[in-house]
file final_19.csv (CSV, C-alpha atoms)
chain,number,residue,atom,x,y,z
Y,1,MET,CA,207.4,46.6,-5.5
Y,2,ARG,CA,208.7,47.0,-2.0
Y,3,THR,CA,211.5,49.3,-3.3
Y,4,ARG,CA,209.0,51.7,-4.8
Y,5,THR,CA,206.9,51.7,-1.6
Y,6,ILE,CA,210.0,52.6,0.4
Y,7,GLU,CA,211.0,55.3,-2.1
Y,8,ARG,CA,207.6,56.9,-1.8
Y,9,PHE,CA,207.8,56.9,2.0
Y,10,ASN,CA,211.3,58.4,2.0
Y,11,LYS,CA,210.2,61.2,-0.3
Y,12,ALA,CA,207.3,62.1,2.1
Y,13,ASN,CA,209.5,61.7,5.2
Y,14,PRO,CA,213.0,63.1,4.4
Y,15,ASN,CA,213.9,63.1,8.2
Y,16,GLY,CA,213.1,59.4,8.7
Y,17,LYS,CA,214.4,57.3,5.8
Y,18,ILE,CA,214.1,53.6,5.4
Y,19,THR,CA,216.8,51.6,3.5
Y,20,GLY,CA,215.8,48.2,2.2
Y,21,THR,CA,218.0,45.1,1.4
Y,22,THR,CA,216.7,42.2,-0.6
Y,23,PHE,CA,218.0,38.6,-0.8
Y,24,GLN,CA,216.8,35.4,-2.5
Y,25,ASN,CA,214.5,33.2,-0.4
Y,26,ASP,CA,216.8,30.7,1.2
Y,27,ALA,CA,219.7,33.1,1.6
Y,28,PHE,CA,217.4,35.5,3.3
Y,29,LYS,CA,216.2,32.9,5.8
Y,30,THR,CA,219.9,32.2,6.8
Y,31,LYS,CA,221.0,35.8,6.9
Y,32,ILE,CA,218.1,37.2,8.9
Y,33,LYS,CA,218.4,34.4,11.5
Y,34,THR,CA,222.1,35.1,12.0
Y,35,ALA,CA,221.5,38.9,12.2
Y,36,ILE,CA,218.7,38.6,14.8
Y,37,GLY,CA,220.7,36.0,16.8
Y,38,ALA,CA,223.7,38.3,16.9
Y,39,GLY,CA,221.6,41.3,18.1
Y,40,GLN,CA,222.1,43.0,14.8
Y,41,ALA,CA,218.5,42.8,13.4
Y,42,PRO,CA,217.3,45.4,11.0
Y,43,THR,CA,214.5,47.6,12.4
Y,44,LEU,CA,212.0,46.0,10.0
Y,45,ILE,CA,212.0,42.2,9.9
Y,46,TRP,CA,210.2,40.7,6.8
Y,47,GLY,CA,208.9,37.2,7.0
Y,48,TRP,CA,206.0,34.7,6.7
Y,49,GLY,CA,204.7,34.8,10.2
Y,50,GLY,CA,203.9,31.5,11.9
Y,51,GLY,CA,206.6,29.3,13.4
Y,52,THR,CA,209.5,31.6,12.7
Y,53,LEU,CA,207.7,34.6,14.2
Y,54,ARG,CA,206.9,32.5,17.2
Y,55,SER,CA,210.6,31.8,17.8
Y,56,TYR,CA,211.3,35.5,17.6
Y,57,VAL,CA,208.5,36.2,20.1
Y,58,GLN,CA,209.8,33.6,22.5
Y,59,ALA,CA,213.3,35.1,22.4
Y,60,GLY,CA,211.9,38.6,22.9
Y,61,GLN,CA,213.3,39.8,19.6
Y,62,VAL,CA,210.2,41.6,18.2
Y,63,ASP,CA,207.7,44.1,19.6
Y,64,ASP,CA,204.1,43.4,20.5
Y,65,LEU,CA,202.1,45.5,18.1
Y,66,THR,CA,198.6,44.8,19.6
Y,67,SER,CA,198.3,48.3,21.1
Y,68,PHE,CA,199.5,49.9,17.8
Y,69,PHE,CA,196.6,48.2,15.9
Y,70,ASP,CA,194.2,49.1,18.7
Y,71,GLU,CA,195.1,52.7,18.2
Y,72,ASN,CA,195.0,52.4,14.4
Y,73,THR,CA,191.7,50.7,13.9
Y,74,ALA,CA,191.3,52.1,10.3
Y,75,LEU,CA,194.5,50.4,9.3
Y,76,LYS,CA,193.5,47.1,10.9
Y,77,ASP,CA,190.1,47.2,9.3
Y,78,ARG,CA,191.7,47.9,5.9
Y,79,LEU,CA,193.4,44.5,5.9
Y,80,PHE,CA,191.8,41.1,5.4
Y,81,PRO,CA,190.9,39.7,8.8
Y,82,SER,CA,192.2,36.3,7.7
Y,83,SER,CA,195.7,37.8,7.3
Y,84,PHE,CA,196.1,38.3,11.0
Y,85,GLY,CA,196.2,34.6,12.0
Y,86,ALA,CA,199.9,34.1,11.1
Y,87,ALA,CA,200.8,37.4,12.7
Y,88,THR,CA,199.2,36.4,16.0
Y,89,ILE,CA,201.1,34.5,18.7
Y,90,ASP,CA,199.2,33.6,22.0
Y,91,GLY,CA,196.5,36.2,21.2
Y,92,LYS,CA,198.9,39.1,20.5
Y,93,ILE,CA,199.8,40.6,17.2
Y,94,TYR,CA,203.6,40.7,16.5
Y,95,ALA,CA,203.7,41.6,12.8
Y,96,MET,CA,202.0,43.9,10.3
Y,97,PRO,CA,200.3,41.7,7.6
Y,98,CYS,CA,201.3,43.1,4.2
Y,99,GLU,CA,201.6,42.5,0.4
Y,100,THR,CA,199.6,39.7,-1.2
Y,101,MET,CA,197.7,36.5,-0.4
Y,102,GLN,CA,198.1,33.3,-2.3
Y,103,PRO,CA,195.5,30.6,-1.7
Y,104,ILE,CA,196.1,27.0,-2.9
Y,105,VAL,CA,193.7,26.4,-5.8
Y,106,LEU,CA,192.4,23.3,-7.6
Y,107,TYR,CA,193.1,24.0,-11.3
Y,108,TYR,CA,191.7,21.9,-14.1
Y,109,ASP,CA,191.8,21.6,-17.8
Y,110,LYS,CA,188.3,22.1,-19.2
Y,111,ARG,CA,189.3,20.2,-22.4
Y,112,ALA,CA,190.1,17.1,-20.4
Y,113,PHE,CA,186.7,17.1,-18.7
Y,114,GLU,CA,185.0,17.6,-22.1
Y,115,LYS,CA,186.9,14.6,-23.4
Y,116,ILE,CA,185.5,12.3,-20.8
Y,117,LYS,CA,182.1,14.1,-20.6
Y,118,ALA,CA,182.4,14.9,-16.9
Y,119,GLU,CA,182.0,17.8,-14.5
Y,120,PRO,CA,184.6,19.2,-12.1
Y,121,PRO,CA,184.5,17.4,-8.7
Y,122,GLN,CA,182.1,18.6,-6.1
Y,123,SER,CA,183.3,16.2,-3.4
Y,124,TRP,CA,186.1,13.8,-2.5
Y,125,GLY,CA,183.9,10.9,-3.8
Y,126,ASP,CA,183.8,12.7,-7.2
Y,127,ILE,CA,187.6,12.9,-7.2
Y,128,MET,CA,188.0,9.2,-6.5
Y,129,ALA,CA,185.3,8.4,-9.2
Y,130,LEU,CA,187.1,10.6,-11.8
Y,131,VAL,CA,190.5,8.9,-11.4
Y,132,PRO,CA,189.7,5.6,-13.3
Y,133,LYS,CA,187.9,7.6,-16.0
Y,134,PHE,CA,190.8,9.9,-16.7
Y,135,ASN,CA,193.3,7.0,-16.6
Y,136,ALA,CA,191.1,5.0,-19.1
Y,137,ALA,CA,191.3,8.0,-21.4
Y,138,GLY,CA,195.1,8.2,-21.2
Y,139,ILE,CA,195.1,11.4,-19.1
Y,140,ALA,CA,196.7,11.5,-15.7
Y,141,PRO,CA,194.1,12.6,-13.1
Y,142,PHE,CA,196.5,14.9,-11.3
Y,143,SER,CA,199.8,16.6,-12.0
Y,144,LEU,CA,202.2,16.7,-9.1
Y,145,GLY,CA,205.8,17.9,-8.7
Y,146,GLY,CA,206.3,15.5,-5.8
Y,147,GLN,CA,210.1,15.9,-5.6
Y,148,SER,CA,209.6,19.3,-4.2
Y,149,ARG,CA,207.8,17.8,-1.1
Y,150,TRP,CA,205.8,21.0,-0.2
Y,151,THR,CA,203.6,20.4,-3.2
Y,152,ASN,CA,202.5,17.1,-1.6
Y,153,MET,CA,201.9,18.9,1.7
Y,154,MET,CA,199.1,21.1,0.1
Y,155,TRP,CA,197.0,18.0,-0.3
Y,156,LEU,CA,197.3,17.1,3.3
Y,157,GLU,CA,196.5,20.6,4.4
Y,158,PHE,CA,193.2,20.5,2.6
Y,159,LEU,CA,192.3,17.0,3.7
Y,160,PHE,CA,192.9,17.8,7.4
Y,161,ASP,CA,190.9,21.0,7.1
Y,162,ARG,CA,187.9,19.6,5.1
Y,163,MET,CA,187.7,16.6,7.4
Y,164,GLY,CA,188.1,18.2,10.8
Y,165,GLY,CA,188.4,21.9,10.4
Y,166,PRO,CA,191.5,24.1,11.3
Y,167,GLU,CA,191.5,22.7,14.9
Y,168,VAL,CA,193.2,19.5,13.8
Y,169,PHE,CA,196.5,21.2,12.7
Y,170,GLN,CA,196.1,24.0,15.3
Y,171,ALA,CA,196.6,21.4,18.0
Y,172,VAL,CA,200.0,20.6,16.4
Y,173,PHE,CA,200.9,24.3,16.1
Y,174,ASP,CA,200.0,24.8,19.8
Y,175,GLY,CA,202.3,22.0,20.8
Y,176,GLU,CA,199.7,19.6,22.2
Y,177,LYS,CA,201.2,16.2,23.0
Y,178,ASP,CA,200.4,13.5,20.3
Y,179,ALA,CA,198.3,15.9,18.3
Y,180,TRP,CA,199.1,14.1,15.1
Y,181,SER,CA,197.4,11.0,16.4
Y,182,ASN,CA,193.9,12.6,16.1
Y,183,PRO,CA,191.7,9.9,14.4
Y,184,ILE,CA,190.8,12.5,11.8
Y,185,ALA,CA,194.5,12.9,10.9
Y,186,ILE,CA,194.9,9.1,10.5
Y,187,ASP,CA,191.8,9.0,8.3
Y,188,ALA,CA,193.1,11.9,6.2
Y,189,LEU,CA,196.5,10.3,5.7
Y,190,THR,CA,194.7,7.0,4.8
Y,191,LYS,CA,192.6,8.8,2.2
Y,192,MET,CA,195.7,10.4,0.8
Y,193,GLN,CA,197.3,7.0,0.3
Y,194,ASP,CA,194.1,5.6,-1.2
Y,195,LEU,CA,194.3,8.3,-4.0
Y,196,ILE,CA,198.0,7.5,-4.6
Y,197,LYS,CA,197.3,3.7,-4.8
Y,198,ALA,CA,194.4,4.3,-7.2
Y,199,ASP,CA,197.0,6.0,-9.6
Y,200,GLY,CA,195.5,9.5,-8.9
Y,201,PHE,CA,198.8,11.2,-9.8
Y,202,ILE,CA,201.0,11.2,-12.9
Y,203,LYS,CA,203.4,8.3,-13.1
Y,204,GLY,CA,206.8,9.2,-11.7
Y,205,PHE,CA,205.5,12.2,-9.7
Y,206,SER,CA,208.2,11.7,-7.1
Y,207,SER,CA,210.9,12.8,-9.6
Y,208,ILE,CA,209.1,15.8,-11.0
Y,209,THR,CA,210.0,19.2,-9.5
Y,210,ALA,CA,207.8,22.2,-9.1
Y,211,ASP,CA,210.7,24.7,-9.3
Y,212,SER,CA,211.1,23.9,-13.0
Y,213,ASN,CA,207.3,24.4,-13.5
Y,214,ALA,CA,207.2,20.9,-15.0
Y,215,ASP,CA,204.0,20.2,-13.1
Y,216,GLN,CA,202.3,23.2,-14.6
Y,217,ALA,CA,203.4,22.1,-18.1
Y,218,LEU,CA,201.7,18.7,-17.6
Y,219,LEU,CA,198.4,20.5,-17.1
Y,220,TYR,CA,198.5,23.0,-19.9
Y,221,THR,CA,199.8,20.4,-22.5
Y,222,GLY,CA,196.9,18.1,-21.7
Y,223,LYS,CA,198.8,15.3,-20.1
Y,224,ALA,CA,197.0,15.8,-16.7
Y,225,ALA,CA,193.5,16.9,-16.0
Y,226,MET,CA,193.9,18.7,-12.6
Y,227,MET,CA,196.5,20.2,-10.4
Y,228,LEU,CA,196.4,21.4,-6.8
Y,229,HIS,CA,198.8,24.4,-6.6
Y,230,GLY,CA,199.4,27.9,-5.4
Y,231,GLY,CA,197.6,31.0,-6.8
Y,232,TRP,CA,201.0,32.2,-8.0
Y,233,THR,CA,201.1,29.5,-10.7
Y,234,TYR,CA,198.3,31.2,-12.7
Y,235,GLY,CA,200.8,33.8,-14.0
Y,236,GLY,CA,203.3,31.0,-15.0
Y,237,MET,CA,200.6,29.1,-16.9
Y,238,LYS,CA,199.5,32.2,-18.7
Y,239,GLN,CA,203.0,33.1,-19.7
Y,240,ASP,CA,204.2,29.6,-20.8
Y,241,GLY,CA,201.0,27.8,-21.7
Y,242,GLY,CA,200.4,29.3,-25.2
Y,243,ASP,CA,196.6,29.4,-25.7
Y,244,PHE,CA,195.8,27.5,-22.5
Y,245,VAL,CA,194.8,30.5,-20.3
Y,246,PRO,CA,193.9,33.2,-22.9
Y,247,GLY,CA,191.8,30.6,-24.8
Y,248,GLY,CA,189.7,30.0,-21.7
Y,249,ASN,CA,190.7,26.3,-21.1
Y,250,LEU,CA,191.9,26.8,-17.5
Y,251,GLY,CA,189.3,26.2,-14.8
Y,252,TYR,CA,189.8,26.8,-11.1
Y,253,MET,CA,187.9,26.2,-7.9
Y,254,ASN,CA,188.3,25.9,-4.1
Y,255,PHE,CA,189.1,22.4,-2.9
Y,256,PRO,CA,185.7,20.5,-2.6
Y,257,PRO,CA,184.2,19.2,0.6
Y,258,ILE,CA,184.9,15.7,1.8
Y,259,ASP,CA,181.9,13.4,2.5
Y,260,GLY,CA,181.3,13.3,6.2
Y,261,GLY,CA,183.8,16.0,7.0
Y,262,THR,CA,183.1,18.7,9.5
Y,263,GLY,CA,185.4,21.4,8.0
Y,264,ASP,CA,184.0,24.5,6.4
Y,265,PRO,CA,184.4,24.3,2.6
Y,266,SER,CA,184.9,28.0,2.4
Y,267,ASN,CA,188.3,27.6,4.3
Y,268,THR,CA,191.5,27.8,2.4
Y,269,VAL,CA,195.2,27.2,3.0
Y,270,GLY,CA,198.4,28.7,1.6
Y,271,ASN,CA,200.0,32.1,2.2
Y,272,PRO,CA,197.5,34.5,4.0
Y,273,GLY,CA,200.0,37.3,3.5
Y,274,GLN,CA,203.6,38.4,4.2
Y,275,TYR,CA,204.6,39.9,7.5
Y,276,ILE,CA,206.8,42.7,8.8
Y,277,SER,CA,207.8,42.9,12.5
Y,278,ILE,CA,209.7,45.6,14.4
Y,279,SER,CA,212.9,44.6,16.1
Y,280,SER,CA,212.8,45.0,19.9
Y,281,LYS,CA,216.4,46.2,19.7
Y,282,ALA,CA,215.5,49.2,17.5
Y,283,THR,CA,215.7,52.7,19.0
Y,284,PRO,CA,212.5,54.5,20.0
Y,285,GLU,CA,213.0,56.9,17.0
Y,286,GLN,CA,213.4,53.9,14.6
Y,287,LYS,CA,210.3,52.3,16.0
Y,288,GLU,CA,208.3,55.5,15.4
Y,289,ILE,CA,209.5,55.7,11.7
Y,290,ALA,CA,208.6,52.0,11.3
Y,291,LYS,CA,205.1,52.5,12.6
Y,292,LYS,CA,204.6,55.6,10.4
Y,293,PHE,CA,205.6,53.4,7.4
Y,294,PHE,CA,203.0,50.8,8.5
Y,295,ALA,CA,200.3,53.4,8.9
Y,296,THR,CA,200.9,55.2,5.6
Y,297,GLU,CA,202.7,53.7,2.6
Y,298,LEU,CA,203.2,50.0,3.2
Y,299,MET,CA,199.7,49.0,2.1
Y,300,GLY,CA,198.6,52.4,0.7
Y,301,ASP,CA,196.5,52.9,-2.4
Y,302,GLN,CA,199.5,53.2,-4.8
Y,303,ALA,CA,201.0,50.0,-3.4
Y,304,VAL,CA,197.7,48.2,-3.8
Y,305,LYS,CA,197.5,49.4,-7.5
Y,306,GLU,CA,201.1,48.2,-8.2
Y,307,TRP,CA,200.5,44.7,-6.7
Y,308,VAL,CA,197.4,44.2,-8.8
Y,309,GLU,CA,199.4,45.1,-11.9
Y,310,THR,CA,201.6,42.2,-11.2
Y,311,GLY,CA,198.6,39.8,-11.3
Y,312,ALA,CA,198.5,39.4,-7.5
Y,313,VAL,CA,195.7,40.1,-4.9
Y,314,PRO,CA,196.7,42.5,-2.2
Y,315,ILE,CA,195.4,41.7,1.4
Y,316,VAL,CA,193.3,44.9,1.4
Y,317,ASN,CA,189.5,45.0,1.7
Y,318,GLY,CA,188.0,46.5,-1.5
Y,319,ALA,CA,191.2,45.8,-3.6
Y,320,ASP,CA,188.9,44.1,-6.1
Y,321,LYS,CA,187.8,47.5,-7.3
Y,322,GLN,CA,191.2,47.7,-8.9
Y,323,PHE,CA,190.6,44.5,-11.0
Y,324,THR,CA,188.3,46.2,-13.5
Y,325,GLY,CA,189.8,46.2,-16.9
Y,326,SER,CA,192.5,43.7,-16.0
Y,327,PRO,CA,192.8,40.8,-18.5
Y,328,ASP,CA,193.1,38.6,-15.4
Y,329,ALA,CA,190.0,40.0,-13.7
Y,330,ASP,CA,188.2,36.6,-13.5
Y,331,PHE,CA,191.0,34.9,-11.7
Y,332,LEU,CA,191.8,37.9,-9.4
Y,333,ASN,CA,188.1,38.1,-8.4
Y,334,PHE,CA,188.1,34.4,-7.7
Y,335,ALA,CA,191.2,34.6,-5.5
Y,336,TYR,CA,190.0,37.7,-3.8
Y,337,GLY,CA,186.6,36.0,-3.0
Y,338,ILE,CA,188.4,33.0,-1.5
Y,339,ALA,CA,190.4,35.2,0.9
Y,340,ALA,CA,187.6,37.6,1.7
Y,341,ASN,CA,185.1,34.8,2.5
Y,342,ALA,CA,187.4,32.2,4.1
Y,343,LYS,CA,186.4,31.6,7.8
Y,344,THR,CA,190.0,30.4,8.2
Y,345,PHE,CA,193.0,31.0,5.9
Y,346,ALA,CA,195.4,28.5,7.3
Y,347,GLN,CA,199.1,29.1,6.8
Y,348,SER,CA,201.3,26.5,4.9
Y,349,TRP,CA,202.4,24.0,7.5
Y,350,ASP,CA,206.1,24.3,6.7
Y,351,GLN,CA,205.8,28.1,7.5
Y,352,ALA,CA,203.6,27.5,10.6
Y,353,LEU,CA,206.0,25.1,12.2
Y,354,SER,CA,209.5,25.7,13.5
Y,355,PRO,CA,212.3,25.1,10.8
Y,356,THR,CA,213.3,21.9,12.7
Y,357,ALA,CA,209.8,20.4,12.7
Y,358,ALA,CA,209.1,21.6,9.1
Y,359,GLU,CA,212.1,19.6,7.7
Y,360,VAL,CA,210.9,16.4,9.5
Y,361,LEU,CA,207.4,17.1,8.2
Y,362,LEU,CA,208.5,17.4,4.6
Y,363,ASP,CA,210.7,14.4,4.8
Y,364,ASN,CA,207.8,12.3,6.2
Y,365,ILE,CA,205.3,13.6,3.7
Y,366,ALA,CA,207.6,12.5,0.8
Y,367,LYS,CA,207.8,9.0,2.4
Y,368,LEU,CA,204.0,8.9,2.9
Y,369,PHE,CA,203.5,9.7,-0.8
Y,370,GLN,CA,206.0,7.1,-1.9
Y,371,LEU,CA,204.0,4.6,0.3
Y,372,SER,CA,207.2,3.7,2.2
Y,373,ILE,CA,205.5,4.6,5.6
Y,374,SER,CA,202.0,4.0,6.9
Y,375,PRO,CA,199.7,6.7,8.3
Y,376,GLN,CA,200.5,5.4,11.8
Y,377,GLN,CA,204.3,5.6,11.2
Y,378,PHE,CA,203.8,9.1,9.9
Y,379,THR,CA,202.0,10.2,13.0
Y,380,GLU,CA,204.5,8.6,15.3
Y,381,ASN,CA,207.4,10.3,13.6
Y,382,MET,CA,205.6,13.7,13.7
Y,383,ASN,CA,204.5,13.4,17.3
Y,384,ALA,CA,208.2,13.1,18.2
Y,385,VAL,CA,208.9,16.7,17.0
Y,386,ILE,CA,205.9,18.5,18.3
Y,387,GLY,CA,207.0,21.7,20.0
Y,388,LYS,CA,210.6,21.4,18.8

call {"tool": "encode", "arguments": {"input": "final_19.csv", "output": "structure tokens"}}
result
Amino acid sequence: MRTRTIERFNKANPNGKITGTTFQNDAFKTKIKTAIGAGQAPTLIWGWGGGTLRSYVQAGQVDDLTSFFDENTALKDRLFPSSFGAATIDGKIYAMPCETMQPIVLYYDKRAFEKIKAEPPQSWGDIMALVPKFNAAGIAPFSLGGQSRWTNMMWLEFLFDRMGGPEVFQAVFDGEKDAWSNPIAIDALTKMQDLIKADGFIKGFSSITADSNADQALLYTGKAAMMLHGGWTYGGMKQDGGDFVPGGNLGYMNFPPIDGGTGDPSNTVGNPGQYISISSKATPEQKEIAKKFFATELMGDQAVKEWVETGAVPIVNGADKQFTGSPDADFLNFAYGIAANAKTFAQSWDQALSPTAAEVLLDNIAKLFQLSISPQQFTENMNAVIGK
């Protein structure tokens, strides 16, 4: 996808060519960090925004693009407003949001709900009430690949947001002292453990991995009724789940409100987009070429069309016009609606935090889900790495 976009730009701009290099996820994180640290960054730095971008900004390694977007209002207006959050550090824009967005979705098996004659949950109270009913019918209420740790994190992201809005985690991101000790956070962590203690998740979830798609298989083979997971899993379930998706058995919804919570139920969490920054070490000529790429091909009409063909939702207003005729139109429109209507599209916590704090977070989330630490211990451990 990115390769084709670059090729089109190079054809139109023979005097200012871009050369792209691709790596696998973890290898890329290491390589880009080393290159930037050694003052050998590429002109265009791809990433996820958030905590890593903040570290680049603090070290003066990427350019402030605020004035570029002020001068190119048509480009800024073309992109989802919610995609700019993870590109913005201290009120200034340091990256061009691009590519696709992937909200976290509550999937469910319609057949499981028919079996126990129930409706999908409209509140946290409904979720807790469904748990014993599914267990009695021999169906696990929720699938979870808990060994992967970040899969557990998605639950906490929604609980924090639905109970207290994005401000609760924002305080952590902003480095406020003891931000994890917010009473809403303690309450959310307690609710999480209540669901675990009630056998809300498939037995042995801590040894199931998401990388093998075993968690998706539990949903489409009827062993679990629901699964909270990224928008990207839709394609996997369609491909591997036999008649599950084509037969209309897969349901999906945004995470429901929590009784008494003050968060806006239209909010979502996940990946609001991908991000490209311009290295501050690049020459003026290289920077001009990069900005021309941003303004023309990167999220141009052809790129949008190609992203839709892969079953993804580009972060472009009006991209839904391209969904007509797609066999996945229902899901694409659902995902597009979430992103277009979300007051806040919060970035995944492990991307929002620095790599150091993210590792401590994932480690403590695993312990919280195994019930080996209490909500209070979790908050103490996390307060110790705020701002690190």

call {"tool": "closest_residue", "arguments": {"input": "final_19.csv", "among": "Y:Ala319, Y:Ile186, Y:Ala217, Y:Val172", "to": "Gly241 of chain Y", "atoms": "only C-alpha atoms"}}
result
Y:Ala217

call {"tool": "closest_residue", "arguments": {"input": "final_19.csv", "among": "Y:Gly16, Y:Gly263, Y:Pro256, Y:Gly251", "to": "Lys287 of chain Y", "atoms": "only C-alpha atoms"}}
result
Y:Gly16

call {"tool": "residues_around", "arguments": {"input": "final_19.csv", "residues": "segment 122-124 of chain Y", "least_positions_apart": "4", "cutoff": "7 Å", "atoms": "all atoms listed in the file", "output": "ChimeraX atom specification"}}
result
/Y:128,256-259

call {"tool": "closest_residue", "arguments": {"input": "final_19.csv", "among": "Y:Glu380, Y:Asp350, Y:Asp109, Y:Glu7", "to": "Met226 of chain Y", "atoms": "all atoms listed in the file"}}
result
Y:Asp109

call {"tool": "residues_around", "arguments": {"input": "final_19.csv", "residues": "segment 74-76 of chain Y", "least_positions_apart": "5", "cutoff": "10 Å", "atoms": "only C-alpha atoms", "output": "list in words"}}
result
Phe68, Phe69, Pro81, Phe84, Met96, Pro97, Phe294, Ala295, Thr296, Met299, Gly300 and Val316 of chain Y

call {"tool": "atom_distance", "arguments": {"input": "final_19.csv", "atom1": "atom CA of Ala118 of chain Y", "atom2": "atom CA of Ala140 of chain Y"}}
result
14.7 Å
